[in-house]
Amino acid sequence: MKELFTNICKKNRWRNSESVSGTGSSLAQTKTLIQELPSIIKQLQIKKNDRCTLW
């Protein structure tokens, strides 16, 4: 399974100009999440995420 999605990602099989992760990851599709996520994190009092390398 990992090899399948690695291939999709490397070759941009979803053919999305913004993201190799597919159309659900486009800026238009994630706009609300981007706007709301900081307040959700604050509301839930999340201090650290050990599973995400972006933080």
# chains A, B, ... in the order shown; residues from 1 in each chain; ligands from 1
$ residues_around --residues "Asn12 of chain A" --least-positions-apart "6" --cutoff "12 Å" --atoms "only C-alpha atoms" --output "list in words"
Leu4, Phe5, Thr6, Glu18, Ser19, Val20, Ser21, Gly22 and Thr23 of chain A
$ write_last_selection --atoms "N, CA and C atoms" --output "PDB file, in the first residue's frame"
ATOM      1  N   LEU A   4       2.284   1.995  -3.371  1.00  0.00           N
ATOM      2  CA  LEU A   4       1.264   2.519  -4.282  1.00  0.00           C
ATOM      3  C   LEU A   4       1.112   4.028  -4.123  1.00  0.00           C
ATOM      4  N   PHE A   5       0.953   4.484  -2.876  1.00  0.00           N
ATOM      5  CA  PHE A   5       0.755   5.910  -2.657  1.00  0.00           C
ATOM      6  C   PHE A   5       2.038   6.721  -2.830  1.00  0.00           C
ATOM      7  N   THR A   6       3.174   6.105  -2.612  1.00  0.00           N
ATOM      8  CA  THR A   6       4.447   6.772  -2.896  1.00  0.00           C
ATOM      9  C   THR A   6       4.541   7.047  -4.388  1.00  0.00           C
ATOM     10  N   GLU A  18      -1.804  22.072  -7.423  1.00  0.00           N
ATOM     11  CA  GLU A  18      -1.444  22.619  -6.123  1.00  0.00           C
ATOM     12  C   GLU A  18      -0.832  21.602  -5.173  1.00  0.00           C
ATOM     13  N   SER A  19      -1.226  20.330  -5.295  1.00  0.00           N
ATOM     14  CA  SER A  19      -0.798  19.352  -4.310  1.00  0.00           C
ATOM     15  C   SER A  19      -0.742  17.955  -4.917  1.00  0.00           C
ATOM     16  N   VAL A  20       0.300  17.211  -4.576  1.00  0.00           N
ATOM     17  CA  VAL A  20       0.390  15.825  -5.037  1.00  0.00           C
ATOM     18  C   VAL A  20      -0.505  14.923  -4.195  1.00  0.00           C
ATOM     19  N   SER A  21      -1.152  15.486  -3.171  1.00  0.00           N
ATOM     20  CA  SER A  21      -2.028  14.708  -2.306  1.00  0.00           C
ATOM     21  C   SER A  21      -3.450  14.602  -2.838  1.00  0.00           C
ATOM     22  N   GLY A  22      -3.756  15.266  -3.923  1.00  0.00           N
ATOM     23  CA  GLY A  22      -5.075  15.172  -4.537  1.00  0.00           C
ATOM     24  C   GLY A  22      -5.902  16.430  -4.376  1.00  0.00           C
ATOM     25  N   THR A  23      -7.066  16.425  -5.021  1.00  0.00           N
ATOM     26  CA  THR A  23      -7.904  17.628  -5.047  1.00  0.00           C
ATOM     27  C   THR A  23      -8.422  18.039  -3.681  1.00  0.00           C
TER      28      THR A  23
END
$ select_by_dssp --residues "chain A" --states "helix (DSSP H, G or I)" --output "list in words"
Lys2, Glu3, Leu4, Phe5, Thr6, Asn7, Ile8, Cys9, Lys10, Thr23, Gly24, Ser25, Leu27, Ala28, Gln29, Thr30, Lys31, Thr32, Leu33, Ile34, Gln35, Glu36, Leu37, Pro38, Ser39, Ile40, Ile41, Lys42 and Gln43 of chain A
$ write_last_selection --atoms "N, CA, C and O atoms" --output "mmCIF file, in the first residue's frame"
data_model
loop_
_atom_site.group_PDB
_atom_site.id
_atom_site.type_symbol
_atom_site.label_atom_id
_atom_site.label_comp_id
_atom_site.auth_asym_id
_atom_site.auth_seq_id
_atom_site.Cartn_x
_atom_site.Cartn_y
_atom_site.Cartn_z
ATOM 1 N N LYS A 2 1.910 1.271 0.843
ATOM 2 C CA LYS A 2 2.792 2.432 0.921
ATOM 3 C C LYS A 2 3.435 2.701 -0.435
ATOM 4 O O LYS A 2 3.512 3.857 -0.875
ATOM 5 N N GLU A 3 3.861 1.658 -1.102
ATOM 6 C CA GLU A 3 4.506 1.806 -2.410
ATOM 7 C C GLU A 3 3.532 2.413 -3.429
ATOM 8 O O GLU A 3 3.915 3.270 -4.232
ATOM 9 N N LEU A 4 2.284 1.995 -3.371
ATOM 10 C CA LEU A 4 1.264 2.519 -4.282
ATOM 11 C C LEU A 4 1.112 4.028 -4.123
ATOM 12 O O LEU A 4 1.170 4.780 -5.094
ATOM 13 N N PHE A 5 0.953 4.484 -2.876
ATOM 14 C CA PHE A 5 0.755 5.910 -2.657
ATOM 15 C C PHE A 5 2.038 6.721 -2.830
ATOM 16 O O PHE A 5 1.991 7.888 -3.200
ATOM 17 N N THR A 6 3.174 6.105 -2.612
ATOM 18 C CA THR A 6 4.447 6.772 -2.896
ATOM 19 C C THR A 6 4.541 7.047 -4.388
ATOM 20 O O THR A 6 4.935 8.137 -4.812
ATOM 21 N N ASN A 7 4.157 6.081 -5.197
ATOM 22 C CA ASN A 7 4.167 6.232 -6.652
ATOM 23 C C ASN A 7 3.191 7.331 -7.081
ATOM 24 O O ASN A 7 3.522 8.172 -7.920
ATOM 25 N N ILE A 8 1.992 7.341 -6.503
ATOM 26 C CA ILE A 8 0.992 8.363 -6.825
ATOM 27 C C ILE A 8 1.543 9.746 -6.504
ATOM 28 O O ILE A 8 1.409 10.686 -7.293
ATOM 29 N N CYS A 9 2.194 9.868 -5.366
ATOM 30 C CA CYS A 9 2.744 11.144 -4.933
ATOM 31 C C CYS A 9 3.897 11.590 -5.835
ATOM 32 O O CYS A 9 3.908 12.712 -6.324
ATOM 33 N N LYS A 10 4.847 10.698 -6.048
ATOM 34 C CA LYS A 10 6.032 11.054 -6.836
ATOM 35 C C LYS A 10 5.686 11.447 -8.267
ATOM 36 O O LYS A 10 6.315 12.329 -8.844
ATOM 37 N N THR A 23 -7.066 16.425 -5.021
ATOM 38 C CA THR A 23 -7.904 17.628 -5.047
ATOM 39 C C THR A 23 -8.422 18.039 -3.681
ATOM 40 O O THR A 23 -8.689 19.209 -3.450
ATOM 41 N N GLY A 24 -8.570 17.108 -2.769
ATOM 42 C CA GLY A 24 -9.034 17.445 -1.424
ATOM 43 C C GLY A 24 -8.011 18.230 -0.619
ATOM 44 O O GLY A 24 -8.314 18.747 0.449
ATOM 45 N N SER A 25 -6.792 18.331 -1.142
ATOM 46 C CA SER A 25 -5.729 19.063 -0.455
ATOM 47 C C SER A 25 -5.450 20.421 -1.087
ATOM 48 O O SER A 25 -4.500 21.091 -0.718
ATOM 49 N N LEU A 27 -5.895 24.417 -1.970
ATOM 50 C CA LEU A 27 -6.114 25.570 -1.090
ATOM 51 C C LEU A 27 -7.603 25.860 -0.934
ATOM 52 O O LEU A 27 -8.070 26.152 0.168
ATOM 53 N N ALA A 28 -8.352 25.749 -2.011
ATOM 54 C CA ALA A 28 -9.791 26.004 -1.942
ATOM 55 C C ALA A 28 -10.487 25.008 -1.017
ATOM 56 O O ALA A 28 -11.395 25.374 -0.270
ATOM 57 N N GLN A 29 -10.064 23.759 -1.044
ATOM 58 C CA GLN A 29 -10.684 22.722 -0.230
ATOM 59 C C GLN A 29 -10.280 22.801 1.241
ATOM 60 O O GLN A 29 -11.013 22.341 2.111
ATOM 61 N N THR A 30 -9.129 23.376 1.514
ATOM 62 C CA THR A 30 -8.633 23.418 2.896
ATOM 63 C C THR A 30 -8.730 24.814 3.532
ATOM 64 O O THR A 30 -8.315 25.002 4.670
ATOM 65 N N LYS A 31 -9.298 25.757 2.813
ATOM 66 C CA LYS A 31 -9.374 27.146 3.291
ATOM 67 C C LYS A 31 -10.025 27.246 4.676
ATOM 68 O O LYS A 31 -9.495 27.889 5.576
ATOM 69 N N THR A 32 -11.173 26.616 4.855
ATOM 70 C CA THR A 32 -11.870 26.683 6.136
ATOM 71 C C THR A 32 -11.046 26.046 7.243
ATOM 72 O O THR A 32 -10.938 26.594 8.343
ATOM 73 N N LEU A 33 -10.453 24.900 6.955
ATOM 74 C CA LEU A 33 -9.611 24.226 7.943
ATOM 75 C C LEU A 33 -8.435 25.113 8.356
ATOM 76 O O LEU A 33 -8.143 25.255 9.545
ATOM 77 N N ILE A 34 -7.798 25.730 7.392
ATOM 78 C CA ILE A 34 -6.661 26.611 7.674
ATOM 79 C C ILE A 34 -7.097 27.761 8.583
ATOM 80 O O ILE A 34 -6.392 28.132 9.523
ATOM 81 N N GLN A 35 -8.274 28.301 8.327
ATOM 82 C CA GLN A 35 -8.771 29.423 9.122
ATOM 83 C C GLN A 35 -9.189 28.999 10.530
ATOM 84 O O GLN A 35 -8.968 29.732 11.492
ATOM 85 N N GLU A 36 -9.797 27.845 10.645
ATOM 86 C CA GLU A 36 -10.390 27.420 11.915
ATOM 87 C C GLU A 36 -9.458 26.622 12.820
ATOM 88 O O GLU A 36 -9.674 26.558 14.028
ATOM 89 N N LEU A 37 -8.439 26.002 12.260
ATOM 90 C CA LEU A 37 -7.573 25.122 13.038
ATOM 91 C C LEU A 37 -6.922 25.797 14.247
ATOM 92 O O LEU A 37 -6.920 25.213 15.333
ATOM 93 N N PRO A 38 -6.396 27.003 14.132
ATOM 94 C CA PRO A 38 -5.800 27.629 15.328
ATOM 95 C C PRO A 38 -6.775 27.767 16.505
ATOM 96 O O PRO A 38 -6.407 27.491 17.649
ATOM 97 N N SER A 39 -8.019 28.142 16.226
ATOM 98 C CA SER A 39 -8.977 28.280 17.329
ATOM 99 C C SER A 39 -9.391 26.920 17.886
ATOM 100 O O SER A 39 -9.634 26.788 19.091
ATOM 101 N N ILE A 40 -9.448 25.898 17.044
ATOM 102 C CA ILE A 40 -9.755 24.547 17.516
ATOM 103 C C ILE A 40 -8.640 24.044 18.426
ATOM 104 O O ILE A 40 -8.898 23.484 19.495
ATOM 105 N N ILE A 41 -7.405 24.275 18.022
ATOM 106 C CA ILE A 41 -6.251 23.863 18.836
ATOM 107 C C ILE A 41 -6.287 24.574 20.187
ATOM 108 O O ILE A 41 -6.080 23.956 21.229
ATOM 109 N N LYS A 42 -6.581 25.855 20.165
ATOM 110 C CA LYS A 42 -6.656 26.617 21.416
ATOM 111 C C LYS A 42 -7.808 26.119 22.285
ATOM 112 O O LYS A 42 -7.648 25.924 23.495
ATOM 113 N N GLN A 43 -8.974 25.907 21.684
ATOM 114 C CA GLN A 43 -10.147 25.453 22.417
ATOM 115 C C GLN A 43 -9.900 24.093 23.067
ATOM 116 O O GLN A 43 -10.319 23.852 24.201
#
